[in-house]
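Student: Pasting a structure below so you can have a look.
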Amino acid sequence: MKYLVLIPDGMADEKIEKLGGLTPMQKASKPCMDALARRSIVGTVSNVPEGMVPESDTANMAVMSFDPKIYSKGRSPLEAMSMGLTMQPDETAYRCNVVTLTDEGDYEDKIILDHSADEITTAEADELIKTLEKELGTEYRKFYTGISYRHCILWKNGNDTYNFMRPHDILGKRIGEYLPRVEDGGAEFRDIMKRSFDILNHHPINEARRARGLKPANSIWLWSPGKKPQLPSFKEKWGLNAAVISAVDLIKGIGICAGMKTYDVEGATGNVKTNYKGKADAAIDAFKSGSDYVYIHVEAPDECGHRAELENKVLSIELIDGKILSPVYEYLKSTGEDFRILILPDHPTPVRLRTHTIDPVPFMIYDSAKTYGGVDSFSEQSAEKMNNYIPNGFTLMDLLVK
């Protein structure tokens, strides 16, 4: 038996007037997904436990069968692992976004315009991170380049419990009330964020971006601290050789910590212009190379939700269906071996809110050897009508491999 898990990150949404009262899932043309849904087990699942922040680390960890309440230590250390960094027990990792702030006024009065700085390229960001390491790095605090706008700081004896605000939750807002608070022990965090603006705002990379009509990456934003993670071996838990395919360090980090094989796909960006075909090819190669379980994570719908790009969110779902799901499904069919396919978003990212929510998400499980009474079209509403609710996402794997 082979298992394909496909995660269109943040795909679930709300009914939207501009789409005629439909959700992006309902609006998108996704013939392969809908055809499989007609023969699938369909329902809804909560991947994020009550009381936890609906972040991708928590949700994807649950889908991979690891209880977030036990294993979630923050997304930054998982990203650090994916970047090949070796964390020491006394080190805390912090996500270090490069973001776009307005130029005017004092730092506290600036507005956050974009949590991704127009999805800055990794090459450009690398120059900025190297400058920050030179200016703000110390023997106990080091800056490391990740992918696009997502980077990392490793900080010896850093506070791993500080409650930072997530930058994608405050888009369009004045940052003053959301910065780390001096009275809460956030003085040093606040200081380097403020200093980063003075260093980056007129950096040659940002001046060149402005000249091209792009937003500058003129400040850092720290969040999601955590210590070195420890996950059980996926192979020992399930007896399956597993592979993870994602453009996002966070997802790769979960895979690495669980002993899964990870794939790097050239041109996989984490946005709507990602290399969909490359991800499908990598999945097929993983199966051919002996993987029993292949986990494909596609960030594009989530990024479109954060950026309020409604048309691109619909398009990303269509591209996932046509360029990833369809060819991998056809390959699995051609092998003559039984297989199952699990499809679900990790969490909703409504375009209206531009951030994640904790609401349940639709899921479907297709079995090549069985037919279930599924739904005509896979969506939030059709899944909810099935009255098949799973309260703990980390138990969904039991249903997949039963």
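Just remember, in the structure tokens the first chain shown is A, the second B, etc., residues are 1-based per chain, and ligands are 1-based in the order shown.
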I need the residues in region 3-158 of chain A that are helix (DSSP H, G or I) according to DSSP; give them as a compact mmCIF listing (two decimals) with all heavy atoms, in the first residue's frame.
Tutor:
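What follows is the written file selection-v8.txt:
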```txt
# COMPACT_ATOMS: atom_id res chain seq x y z
N GLU A 17 -18.35 37.20 -1.54
CA GLU A 17 -19.31 37.85 -2.43
C GLU A 17 -18.77 37.98 -3.85
O GLU A 17 -19.49 37.76 -4.83
CB GLU A 17 -19.67 39.23 -1.88
CG GLU A 17 -20.76 39.95 -2.68
CD GLU A 17 -21.15 41.29 -2.06
OE1 GLU A 17 -20.74 41.56 -0.91
OE2 GLU A 17 -21.85 42.06 -2.74
N LYS A 18 -17.50 38.33 -4.00
CA LYS A 18 -16.91 38.49 -5.33
C LYS A 18 -16.89 37.19 -6.12
O LYS A 18 -16.73 37.21 -7.35
CB LYS A 18 -15.50 39.05 -5.21
CG LYS A 18 -15.44 40.52 -4.81
CD LYS A 18 -14.01 41.03 -4.82
CE LYS A 18 -13.95 42.50 -4.46
NZ LYS A 18 -12.54 43.01 -4.44
N LEU A 19 -17.01 36.06 -5.42
CA LEU A 19 -17.06 34.76 -6.10
C LEU A 19 -18.48 34.25 -6.21
O LEU A 19 -18.71 33.06 -6.42
CB LEU A 19 -16.19 33.74 -5.34
CG LEU A 19 -14.69 34.05 -5.24
CD1 LEU A 19 -13.98 32.93 -4.49
CD2 LEU A 19 -14.07 34.23 -6.63
N PRO A 24 -13.18 29.87 -2.38
CA PRO A 24 -12.21 29.55 -3.43
C PRO A 24 -12.20 28.06 -3.80
O PRO A 24 -12.02 27.72 -4.97
CB PRO A 24 -10.88 29.99 -2.81
CG PRO A 24 -11.26 31.13 -1.92
CD PRO A 24 -12.58 30.73 -1.33
N MET A 25 -12.40 27.18 -2.81
CA MET A 25 -12.46 25.75 -3.12
C MET A 25 -13.64 25.42 -4.02
O MET A 25 -13.54 24.58 -4.92
CB MET A 25 -12.57 24.92 -1.83
CG MET A 25 -11.29 24.76 -1.05
SD MET A 25 -11.49 23.65 0.39
CE MET A 25 -11.65 22.05 -0.43
N GLN A 26 -14.78 26.07 -3.78
CA GLN A 26 -15.95 25.83 -4.61
C GLN A 26 -15.79 26.44 -6.00
O GLN A 26 -16.26 25.88 -6.99
CB GLN A 26 -17.20 26.41 -3.93
CG GLN A 26 -17.63 25.67 -2.68
CD GLN A 26 -18.79 26.35 -1.99
OE1 GLN A 26 -18.79 27.56 -1.79
NE2 GLN A 26 -19.80 25.58 -1.63
N LYS A 27 -15.14 27.59 -6.07
CA LYS A 27 -14.98 28.29 -7.34
C LYS A 27 -13.97 27.61 -8.25
O LYS A 27 -14.13 27.60 -9.47
CB LYS A 27 -14.55 29.73 -7.07
CG LYS A 27 -14.37 30.59 -8.32
CD LYS A 27 -15.69 30.84 -9.02
CE LYS A 27 -15.51 31.81 -10.18
NZ LYS A 27 -16.78 32.07 -10.90
N PRO A 31 -11.03 19.17 -11.37
CA PRO A 31 -11.69 17.93 -11.79
C PRO A 31 -11.15 16.66 -11.16
O PRO A 31 -11.91 15.74 -10.84
CB PRO A 31 -11.51 17.92 -13.31
CG PRO A 31 -10.39 18.87 -13.58
CD PRO A 31 -10.47 19.91 -12.53
N CYS A 32 -9.84 16.58 -10.96
CA CYS A 32 -9.28 15.36 -10.38
C CYS A 32 -9.69 15.22 -8.92
O CYS A 32 -10.15 14.17 -8.48
CB CYS A 32 -7.75 15.38 -10.51
SG CYS A 32 -6.98 13.84 -9.96
N MET A 33 -9.55 16.30 -8.16
CA MET A 33 -9.90 16.27 -6.74
C MET A 33 -11.38 15.92 -6.56
O MET A 33 -11.73 15.09 -5.71
CB MET A 33 -9.58 17.63 -6.11
CG MET A 33 -9.42 17.62 -4.60
SD MET A 33 -8.93 19.25 -3.93
CE MET A 33 -7.34 19.53 -4.73
N ASP A 34 -12.24 16.53 -7.36
CA ASP A 34 -13.67 16.29 -7.23
C ASP A 34 -14.04 14.87 -7.64
O ASP A 34 -14.91 14.23 -7.02
CB ASP A 34 -14.46 17.30 -8.05
CG ASP A 34 -14.41 18.70 -7.46
OD1 ASP A 34 -14.06 18.83 -6.27
OD2 ASP A 34 -14.71 19.66 -8.18
N ALA A 35 -13.38 14.36 -8.67
CA ALA A 35 -13.66 12.98 -9.10
C ALA A 35 -13.29 11.99 -8.00
O ALA A 35 -14.04 11.03 -7.73
CB ALA A 35 -12.89 12.68 -10.38
N LEU A 36 -12.16 12.21 -7.35
CA LEU A 36 -11.76 11.32 -6.26
C LEU A 36 -12.68 11.48 -5.05
O LEU A 36 -12.99 10.50 -4.36
CB LEU A 36 -10.31 11.61 -5.85
CG LEU A 36 -9.23 11.41 -6.92
CD1 LEU A 36 -7.84 11.65 -6.32
CD2 LEU A 36 -9.30 10.02 -7.52
N ALA A 37 -13.14 12.71 -4.82
CA ALA A 37 -14.00 12.97 -3.67
C ALA A 37 -15.32 12.21 -3.76
O ALA A 37 -15.92 11.88 -2.73
CB ALA A 37 -14.28 14.47 -3.54
N SER A 56 1.26 26.79 11.09
CA SER A 56 1.50 25.63 10.22
C SER A 56 2.30 24.54 10.91
O SER A 56 2.15 23.37 10.57
CB SER A 56 2.21 26.08 8.94
OG SER A 56 1.35 26.86 8.14
N ASP A 57 3.18 24.89 11.85
CA ASP A 57 3.93 23.85 12.54
C ASP A 57 2.98 22.95 13.33
O ASP A 57 3.04 21.72 13.25
CB ASP A 57 5.01 24.44 13.44
CG ASP A 57 4.47 25.37 14.51
OD1 ASP A 57 3.46 26.06 14.25
OD2 ASP A 57 5.04 25.42 15.62
N THR A 58 2.08 23.57 14.08
CA THR A 58 1.13 22.83 14.90
C THR A 58 0.24 21.96 14.02
O THR A 58 0.05 20.76 14.28
CB THR A 58 0.26 23.81 15.70
OG1 THR A 58 1.11 24.63 16.51
CG2 THR A 58 -0.72 23.08 16.59
N ALA A 59 -0.32 22.55 12.95
CA ALA A 59 -1.28 21.84 12.11
C ALA A 59 -0.62 20.71 11.33
O ALA A 59 -1.16 19.59 11.26
CB ALA A 59 -1.96 22.82 11.17
N ASN A 60 0.52 20.96 10.71
CA ASN A 60 1.18 19.91 9.93
C ASN A 60 1.73 18.80 10.81
O ASN A 60 1.73 17.63 10.42
CB ASN A 60 2.28 20.50 9.07
CG ASN A 60 1.75 21.17 7.82
OD1 ASN A 60 1.57 20.54 6.78
ND2 ASN A 60 1.46 22.46 7.91
N MET A 61 2.19 19.16 11.99
CA MET A 61 2.62 18.15 12.94
C MET A 61 1.47 17.19 13.25
O MET A 61 1.64 15.97 13.31
CB MET A 61 3.13 18.84 14.21
CG MET A 61 4.03 17.99 15.07
SD MET A 61 4.74 18.98 16.43
CE MET A 61 6.01 19.87 15.54
N ALA A 62 0.27 17.76 13.42
CA ALA A 62 -0.89 16.94 13.71
C ALA A 62 -1.22 16.01 12.55
O ALA A 62 -1.48 14.81 12.74
CB ALA A 62 -2.10 17.83 14.03
N VAL A 63 -1.20 16.55 11.32
CA VAL A 63 -1.51 15.72 10.16
C VAL A 63 -0.52 14.56 10.05
O VAL A 63 -0.88 13.46 9.63
CB VAL A 63 -1.51 16.56 8.87
CG1 VAL A 63 -1.80 15.66 7.65
CG2 VAL A 63 -2.57 17.66 8.94
N PRO A 68 0.32 17.90 18.80
CA PRO A 68 0.99 19.19 19.01
C PRO A 68 1.14 19.57 20.47
O PRO A 68 2.10 20.26 20.85
CB PRO A 68 0.09 20.19 18.27
CG PRO A 68 -0.68 19.37 17.29
CD PRO A 68 -0.88 18.04 17.94
N LYS A 69 0.20 19.15 21.31
CA LYS A 69 0.28 19.50 22.73
C LYS A 69 1.51 18.86 23.38
O LYS A 69 2.01 19.36 24.39
CB LYS A 69 -0.99 19.07 23.45
CG LYS A 69 -2.20 19.95 23.14
CD LYS A 69 -3.36 19.61 24.03
CE LYS A 69 -4.51 20.59 23.84
NZ LYS A 69 -5.67 20.27 24.70
N ILE A 70 1.99 17.78 22.80
CA ILE A 70 3.16 17.10 23.35
C ILE A 70 4.44 17.57 22.67
O ILE A 70 5.46 17.81 23.32
CB ILE A 70 3.02 15.57 23.18
CG1 ILE A 70 1.81 15.05 23.98
CG2 ILE A 70 4.30 14.86 23.62
CD1 ILE A 70 1.51 13.59 23.76
N TYR A 71 4.38 17.72 21.34
CA TYR A 71 5.61 17.88 20.58
C TYR A 71 5.88 19.29 20.03
O TYR A 71 7.00 19.57 19.62
CB TYR A 71 5.63 16.89 19.40
CG TYR A 71 5.61 15.46 19.84
CD1 TYR A 71 4.47 14.67 19.68
CD2 TYR A 71 6.71 14.88 20.46
CE1 TYR A 71 4.43 13.34 20.08
CE2 TYR A 71 6.70 13.57 20.88
CZ TYR A 71 5.55 12.80 20.69
OH TYR A 71 5.53 11.49 21.10
N ARG A 75 7.79 27.04 15.72
CA ARG A 75 8.18 26.75 14.34
C ARG A 75 9.65 27.04 14.07
O ARG A 75 10.27 26.39 13.23
CB ARG A 75 7.29 27.53 13.37
CG ARG A 75 7.39 29.03 13.46
CD ARG A 75 6.34 29.69 12.58
NE ARG A 75 6.52 29.40 11.18
CZ ARG A 75 5.53 29.39 10.27
NH1 ARG A 75 4.31 29.66 10.65
NH2 ARG A 75 5.78 29.14 9.02
N SER A 76 10.23 28.00 14.76
CA SER A 76 11.60 28.42 14.45
C SER A 76 12.63 27.30 14.61
O SER A 76 13.50 27.15 13.74
CB SER A 76 11.99 29.61 15.32
OG SER A 76 11.16 30.71 15.04
N PRO A 77 12.59 26.51 15.67
CA PRO A 77 13.59 25.44 15.76
C PRO A 77 13.44 24.40 14.65
O PRO A 77 14.44 23.82 14.21
CB PRO A 77 13.35 24.83 17.15
CG PRO A 77 12.01 25.31 17.57
CD PRO A 77 11.79 26.61 16.90
N LEU A 78 12.22 24.16 14.19
CA LEU A 78 12.02 23.23 13.08
C LEU A 78 12.65 23.79 11.81
O LEU A 78 13.28 23.07 11.03
CB LEU A 78 10.53 22.98 12.86
CG LEU A 78 9.82 22.23 13.99
CD1 LEU A 78 8.30 22.32 13.82
CD2 LEU A 78 10.26 20.77 14.02
N GLU A 79 12.49 25.10 11.60
CA GLU A 79 13.10 25.73 10.44
C GLU A 79 14.62 25.70 10.54
O GLU A 79 15.32 25.50 9.55
CB GLU A 79 12.58 27.16 10.31
CG GLU A 79 11.10 27.21 9.95
CD GLU A 79 10.52 28.62 10.04
OE1 GLU A 79 11.09 29.47 10.74
OE2 GLU A 79 9.48 28.84 9.41
N ALA A 80 15.13 25.90 11.73
CA ALA A 80 16.58 25.85 11.94
C ALA A 80 17.14 24.48 11.57
O ALA A 80 18.18 24.37 10.93
CB ALA A 80 16.92 26.20 13.39
N MET A 81 16.41 23.43 11.97
CA MET A 81 16.84 22.08 11.63
C MET A 81 16.86 21.88 10.12
O MET A 81 17.79 21.28 9.56
CB MET A 81 15.89 21.06 12.28
CG MET A 81 15.88 21.09 13.79
SD MET A 81 17.41 20.49 14.53
CE MET A 81 17.27 18.74 14.17
N SER A 82 15.83 22.40 9.44
CA SER A 82 15.77 22.27 7.99
C SER A 82 16.90 23.01 7.30
O SER A 82 17.38 22.60 6.24
CB SER A 82 14.43 22.80 7.48
OG SER A 82 14.37 22.76 6.08
N TYR A 107 9.70 54.78 14.76
CA TYR A 107 9.56 53.34 14.49
C TYR A 107 8.21 52.82 14.98
O TYR A 107 7.52 52.07 14.29
CB TYR A 107 10.70 52.57 15.15
CG TYR A 107 10.75 51.11 14.75
CD1 TYR A 107 11.18 50.73 13.49
CD2 TYR A 107 10.36 50.11 15.65
CE1 TYR A 107 11.23 49.39 13.12
CE2 TYR A 107 10.42 48.77 15.30
CZ TYR A 107 10.85 48.41 14.03
OH TYR A 107 10.88 47.08 13.67
N GLU A 108 7.83 53.23 16.17
CA GLU A 108 6.58 52.73 16.77
C GLU A 108 5.35 53.16 15.97
O GLU A 108 4.29 52.52 16.06
CB GLU A 108 6.45 53.22 18.20
CG GLU A 108 7.45 52.60 19.18
CD GLU A 108 8.86 53.18 19.05
OE1 GLU A 108 9.03 54.20 18.34
OE2 GLU A 108 9.78 52.60 19.65
N ASP A 109 5.45 54.23 15.19
CA ASP A 109 4.31 54.74 14.44
C ASP A 109 4.22 54.17 13.02
O ASP A 109 3.28 54.48 12.28
CB ASP A 109 4.38 56.28 14.35
CG ASP A 109 4.18 56.93 15.71
OD1 ASP A 109 3.39 56.40 16.50
OD2 ASP A 109 4.84 57.96 15.97
N THR A 122 15.47 34.96 -2.24
CA THR A 122 16.42 34.49 -1.25
C THR A 122 17.78 35.15 -1.44
O THR A 122 18.47 35.49 -0.47
CB THR A 122 16.55 32.97 -1.33
OG1 THR A 122 15.27 32.37 -1.07
CG2 THR A 122 17.55 32.43 -0.31
N ALA A 123 18.18 35.36 -2.70
CA ALA A 123 19.49 35.98 -2.96
C ALA A 123 19.55 37.39 -2.40
O ALA A 123 20.55 37.79 -1.79
CB ALA A 123 19.76 35.98 -4.46
N GLU A 124 18.47 38.17 -2.59
CA GLU A 124 18.44 39.53 -2.05
C GLU A 124 18.43 39.50 -0.52
O GLU A 124 19.16 40.26 0.14
CB GLU A 124 17.20 40.26 -2.56
CG GLU A 124 17.24 40.61 -4.03
CD GLU A 124 15.92 41.20 -4.49
OE1 GLU A 124 14.86 40.55 -4.29
OE2 GLU A 124 15.94 42.31 -5.04
N ALA A 125 17.59 38.63 0.03
CA ALA A 125 17.48 38.55 1.48
C ALA A 125 18.80 38.13 2.11
O ALA A 125 19.15 38.59 3.21
CB ALA A 125 16.37 37.58 1.87
N ASP A 126 19.53 37.27 1.44
CA ASP A 126 20.81 36.80 1.97
C ASP A 126 21.76 37.97 2.21
O ASP A 126 22.46 38.02 3.23
CB ASP A 126 21.43 35.79 1.01
CG ASP A 126 22.73 35.21 1.54
OD1 ASP A 126 22.75 34.77 2.70
OD2 ASP A 126 23.73 35.21 0.79
N GLU A 127 21.77 38.94 1.29
CA GLU A 127 22.63 40.11 1.48
C GLU A 127 22.19 40.92 2.70
O GLU A 127 23.03 41.44 3.44
CB GLU A 127 22.57 40.99 0.22
CG GLU A 127 23.22 40.37 -1.00
CD GLU A 127 24.70 40.09 -0.80
OE1 GLU A 127 25.39 40.98 -0.26
OE2 GLU A 127 25.15 38.99 -1.16
N LEU A 128 20.89 41.03 2.90
CA LEU A 128 20.38 41.77 4.06
C LEU A 128 20.72 41.06 5.37
O LEU A 128 21.13 41.70 6.35
CB LEU A 128 18.87 41.96 3.93
CG LEU A 128 18.37 42.71 2.69
CD1 LEU A 128 16.85 42.81 2.71
CD2 LEU A 128 19.00 44.09 2.60
N ILE A 129 20.55 39.73 5.38
CA ILE A 129 20.83 38.97 6.60
C ILE A 129 22.32 39.02 6.92
O ILE A 129 22.71 39.12 8.10
CB ILE A 129 20.34 37.52 6.45
CG1 ILE A 129 18.80 37.48 6.33
CG2 ILE A 129 20.80 36.67 7.63
CD1 ILE A 129 18.07 38.04 7.53
N LYS A 130 23.16 38.97 5.91
CA LYS A 130 24.61 39.08 6.15
C LYS A 130 24.95 40.44 6.76
O LYS A 130 25.82 40.54 7.64
CB LYS A 130 25.37 38.87 4.85
CG LYS A 130 25.41 37.42 4.38
CD LYS A 130 26.12 37.28 3.04
CE LYS A 130 26.20 35.83 2.61
NZ LYS A 130 26.78 35.69 1.25
N THR A 131 24.28 41.49 6.29
CA THR A 131 24.51 42.82 6.86
C THR A 131 24.05 42.87 8.31
O THR A 131 24.74 43.45 9.18
CB THR A 131 23.76 43.88 6.03
OG1 THR A 131 24.27 43.89 4.69
CG2 THR A 131 23.93 45.27 6.64
N LEU A 132 22.90 42.27 8.59
CA LEU A 132 22.41 42.25 9.97
C LEU A 132 23.34 41.46 10.88
O LEU A 132 23.58 41.85 12.03
CB LEU A 132 21.00 41.65 10.01
CG LEU A 132 19.90 42.50 9.38
CD1 LEU A 132 18.60 41.72 9.31
CD2 LEU A 132 19.70 43.79 10.16
N GLU A 133 23.89 40.36 10.38
CA GLU A 133 24.83 39.58 11.18
C GLU A 133 26.06 40.41 11.51
O GLU A 133 26.57 40.39 12.64
CB GLU A 133 25.21 38.30 10.45
CG GLU A 133 26.35 37.50 11.06
CD GLU A 133 26.10 37.02 12.48
OE1 GLU A 133 24.92 36.96 12.91
OE2 GLU A 133 27.08 36.71 13.18
N LYS A 134 26.52 41.18 10.53
CA LYS A 134 27.70 42.03 10.74
C LYS A 134 27.43 43.14 11.76
O LYS A 134 28.26 43.44 12.61
CB LYS A 134 28.14 42.64 9.41
CG LYS A 134 29.35 43.54 9.52
CD LYS A 134 29.73 44.12 8.15
CE LYS A 134 30.92 45.07 8.27
NZ LYS A 134 31.28 45.65 6.94
N GLU A 135 26.23 43.73 11.68
CA GLU A 135 25.91 44.88 12.51
C GLU A 135 25.29 44.51 13.87
O GLU A 135 25.51 45.21 14.87
CB GLU A 135 24.93 45.80 11.76
CG GLU A 135 25.48 46.37 10.47
CD GLU A 135 26.62 47.35 10.70
OE1 GLU A 135 26.64 47.99 11.78
OE2 GLU A 135 27.49 47.49 9.82
N LEU A 136 24.51 43.45 13.91
CA LEU A 136 23.75 43.12 15.12
C LEU A 136 24.13 41.77 15.73
O LEU A 136 23.73 41.47 16.86
CB LEU A 136 22.25 43.12 14.82
CG LEU A 136 21.65 44.44 14.36
CD1 LEU A 136 20.16 44.26 14.05
CD2 LEU A 136 21.83 45.52 15.42
```
Student: Fewer than 4 positions away in the same chain doesn't count, so skip those; otherwise give me all residues within 8 Å of Lys228 (chain A), counting only C-alpha atoms, as a ChimeraX atom specification.
Tutor: /A:73,77-78,87-89,91-93
Student: How close does region 187-306 of chain A get to region 326-348 of chain A? List, as CSV, each residue of region 187-306 of chain A within 8 Å, its nearest atom pair and the distance in Å to one decimal, counting only C-alpha atoms.
Tutor:
```
residue,atom,partner,partner_atom,distance
A:Ala280,CA,A:Val328,CA,6.0
A:Asp281,CA,A:Val328,CA,7.9
A:Ala283,CA,A:Val328,CA,7.1
A:Ile284,CA,A:Val328,CA,6.2
```
Student: With all heavy atoms retained, write the just-selected residues as a compact mmCIF listing (two decimals), in the first residue's frame.
Tutor:
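Now in selection.txt:
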```txt
# COMPACT_ATOMS: atom_id res chain seq x y z
N ALA A 280 5.34 17.43 -8.30
CA ALA A 280 4.76 16.16 -8.73
C ALA A 280 5.85 15.17 -9.14
O ALA A 280 5.82 13.99 -8.76
CB ALA A 280 3.79 16.40 -9.90
N ASP A 281 6.83 15.66 -9.89
CA ASP A 281 7.93 14.80 -10.32
C ASP A 281 8.70 14.26 -9.12
O ASP A 281 9.11 13.09 -9.09
CB ASP A 281 8.88 15.56 -11.24
CG ASP A 281 8.26 15.89 -12.59
OD1 ASP A 281 7.23 15.27 -12.95
OD2 ASP A 281 8.81 16.78 -13.28
N ALA A 283 7.52 13.76 -6.12
CA ALA A 283 6.69 12.76 -5.44
C ALA A 283 6.75 11.42 -6.16
O ALA A 283 6.88 10.36 -5.53
CB ALA A 283 5.24 13.26 -5.37
N ILE A 284 6.67 11.47 -7.47
CA ILE A 284 6.75 10.22 -8.25
C ILE A 284 8.11 9.57 -8.06
O ILE A 284 8.22 8.35 -7.88
CB ILE A 284 6.47 10.52 -9.73
CG1 ILE A 284 4.99 10.92 -9.91
CG2 ILE A 284 6.79 9.30 -10.61
CD1 ILE A 284 4.65 11.48 -11.27
```
Student: From a DSSP pass on the backbone, collect the residues of region 111-301 of chain A flagged as strand (DSSP E) and hand them back as JSON, numbers by chain.
Tutor: {"A": [112, 113, 114, 141, 142, 143, 144, 145, 146, 147, 150, 151, 152, 153, 154, 155, 156, 219, 220, 221, 222, 223, 224, 225, 226, 242, 243, 244, 245, 261, 262, 263, 293, 294, 295, 296, 297, 298]}
Student: Expressed in Å to a single decimal, how great is the separation between CA of Thr100 (chain A) and CA of His168 (chain A)?
Tutor: 11.3 Å
Student: Which residues come within 7 Å of Ser246 (chain A), counting only C-alpha atoms, excluding same-chain residues fewer than 5 positions away, as a list in words?
Tutor: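 Selected residues are Ile251, Lys252, Ile296, His297 and Val298 of chain A.
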Student: For Asp103 (chain A), which of A:Gly51, A:Pro216, A:Gly186, A:Gly74 is the closest residue, counting only C-alpha atoms?
Tutor: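 Counting only C-alpha atoms, the residue closest to Asp103 (chain A) is A:Pro216.
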Student: Which residues come within 12 Å of Glu384 (chain A), counting only C-alpha atoms, excluding same-chain residues fewer than 3 positions away, as a PyMOL selection string?
Tutor: chain A and resi 42-45+359-364+374-375+378-381+387-390
Student: Could you write out the selected residues, including N, CA and C atoms, as a PDB file, in the first residue's frame?
Tutor:
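File out-v9.pdb, as written:
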```
ATOM      1  N   VAL A  42     -15.189  11.485   3.399  1.00  0.00           N
ATOM      2  CA  VAL A  42     -15.101  12.938   3.473  1.00  0.00           C
ATOM      3  C   VAL A  42     -15.610  13.405   4.834  1.00  0.00           C
ATOM      4  N   GLY A  43     -14.962  14.397   5.382  1.00  0.00           N
ATOM      5  CA  GLY A  43     -15.398  14.935   6.662  1.00  0.00           C
ATOM      6  C   GLY A  43     -14.627  16.191   6.993  1.00  0.00           C
ATOM      7  N   THR A  44     -14.648  16.571   8.259  1.00  0.00           N
ATOM      8  CA  THR A  44     -13.906  17.729   8.736  1.00  0.00           C
ATOM      9  C   THR A  44     -13.035  17.320   9.915  1.00  0.00           C
ATOM     10  N   VAL A  45     -11.956  18.060  10.123  1.00  0.00           N
ATOM     11  CA  VAL A  45     -11.000  17.718  11.171  1.00  0.00           C
ATOM     12  C   VAL A  45     -10.418  18.989  11.763  1.00  0.00           C
ATOM     13  N   ASP A 359     -10.501  27.117  12.827  1.00  0.00           N
ATOM     14  CA  ASP A 359     -11.683  26.352  12.419  1.00  0.00           C
ATOM     15  C   ASP A 359     -11.310  24.993  11.835  1.00  0.00           C
ATOM     16  N   PRO A 360     -12.212  24.012  11.940  1.00  0.00           N
ATOM     17  CA  PRO A 360     -11.983  22.713  11.289  1.00  0.00           C
ATOM     18  C   PRO A 360     -11.825  22.879   9.777  1.00  0.00           C
ATOM     19  N   VAL A 361     -11.135  21.939   9.159  1.00  0.00           N
ATOM     20  CA  VAL A 361     -10.912  21.965   7.708  1.00  0.00           C
ATOM     21  C   VAL A 361     -11.501  20.702   7.078  1.00  0.00           C
ATOM     22  N   PRO A 362     -11.853  20.763   5.797  1.00  0.00           N
ATOM     23  CA  PRO A 362     -12.347  19.568   5.113  1.00  0.00           C
ATOM     24  C   PRO A 362     -11.212  18.592   4.814  1.00  0.00           C
ATOM     25  N   PHE A 363     -11.514  17.301   4.862  1.00  0.00           N
ATOM     26  CA  PHE A 363     -10.537  16.297   4.448  1.00  0.00           C
ATOM     27  C   PHE A 363     -11.232  15.242   3.593  1.00  0.00           C
ATOM     28  N   MET A 364     -10.466  14.566   2.777  1.00  0.00           N
ATOM     29  CA  MET A 364     -10.977  13.438   2.004  1.00  0.00           C
ATOM     30  C   MET A 364      -9.906  12.357   1.937  1.00  0.00           C
ATOM     31  N   GLY A 374     -19.064   9.518  -1.249  1.00  0.00           N
ATOM     32  CA  GLY A 374     -18.416  10.795  -1.023  1.00  0.00           C
ATOM     33  C   GLY A 374     -19.292  11.983  -1.366  1.00  0.00           C
ATOM     34  N   VAL A 375     -18.698  12.994  -1.972  1.00  0.00           N
ATOM     35  CA  VAL A 375     -19.395  14.241  -2.314  1.00  0.00           C
ATOM     36  C   VAL A 375     -19.106  14.589  -3.772  1.00  0.00           C
ATOM     37  N   PHE A 378     -15.459  18.649  -3.681  1.00  0.00           N
ATOM     38  CA  PHE A 378     -14.774  18.748  -2.399  1.00  0.00           C
ATOM     39  C   PHE A 378     -14.690  20.212  -1.967  1.00  0.00           C
ATOM     40  N   SER A 379     -15.327  20.538  -0.851  1.00  0.00           N
ATOM     41  CA  SER A 379     -15.329  21.909  -0.350  1.00  0.00           C
ATOM     42  C   SER A 379     -15.591  21.904   1.147  1.00  0.00           C
ATOM     43  N   GLU A 380     -15.494  23.085   1.733  1.00  0.00           N
ATOM     44  CA  GLU A 380     -15.770  23.225   3.162  1.00  0.00           C
ATOM     45  C   GLU A 380     -17.195  22.809   3.483  1.00  0.00           C
ATOM     46  N   GLN A 381     -18.147  23.261   2.652  1.00  0.00           N
ATOM     47  CA  GLN A 381     -19.560  23.019   2.925  1.00  0.00           C
ATOM     48  C   GLN A 381     -19.945  21.560   2.693  1.00  0.00           C
ATOM     49  N   ASN A 387     -21.218  15.277   8.254  1.00  0.00           N
ATOM     50  CA  ASN A 387     -21.321  15.007   9.700  1.00  0.00           C
ATOM     51  C   ASN A 387     -20.300  13.965  10.170  1.00  0.00           C
ATOM     52  N   ASN A 388     -19.106  14.087   9.640  1.00  0.00           N
ATOM     53  CA  ASN A 388     -18.021  13.175   9.995  1.00  0.00           C
ATOM     54  C   ASN A 388     -16.869  14.032  10.521  1.00  0.00           C
ATOM     55  N   TYR A 389     -16.954  14.374  11.794  1.00  0.00           N
ATOM     56  CA  TYR A 389     -16.001  15.311  12.394  1.00  0.00           C
ATOM     57  C   TYR A 389     -14.980  14.564  13.250  1.00  0.00           C
ATOM     58  N   ILE A 390     -13.692  14.858  13.028  1.00  0.00           N
ATOM     59  CA  ILE A 390     -12.607  14.285  13.822  1.00  0.00           C
ATOM     60  C   ILE A 390     -12.012  15.406  14.663  1.00  0.00           C
TER      61      ILE A 390
END
```
Student: Please, what distance in Å, to one decimal, runs between CA of Tyr144 (chain A) and CA of His115 (chain A)?
Tutor: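 Taking CA of Tyr144 (chain A) as the start and CA of His115 (chain A) as the end point, the length is 18.1 Å.
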Student: Measuring atom to atom with only C-alpha atoms, identify which of A:Gly278, A:Gly158, A:Gly10, A:Gly185 is nearest to Ile245 (chain A).
Tutor: A:Gly278
Student: Select, from A:Gly105, A:Pro180, A:Gly21, A:Pro49, the residue with the minimum atom-to-atom distance to Trp223 (chain A), counting only C-alpha atoms.
Tutor: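 Of the candidates, the smallest distance to Trp223 (chain A) is held by A:Pro180.
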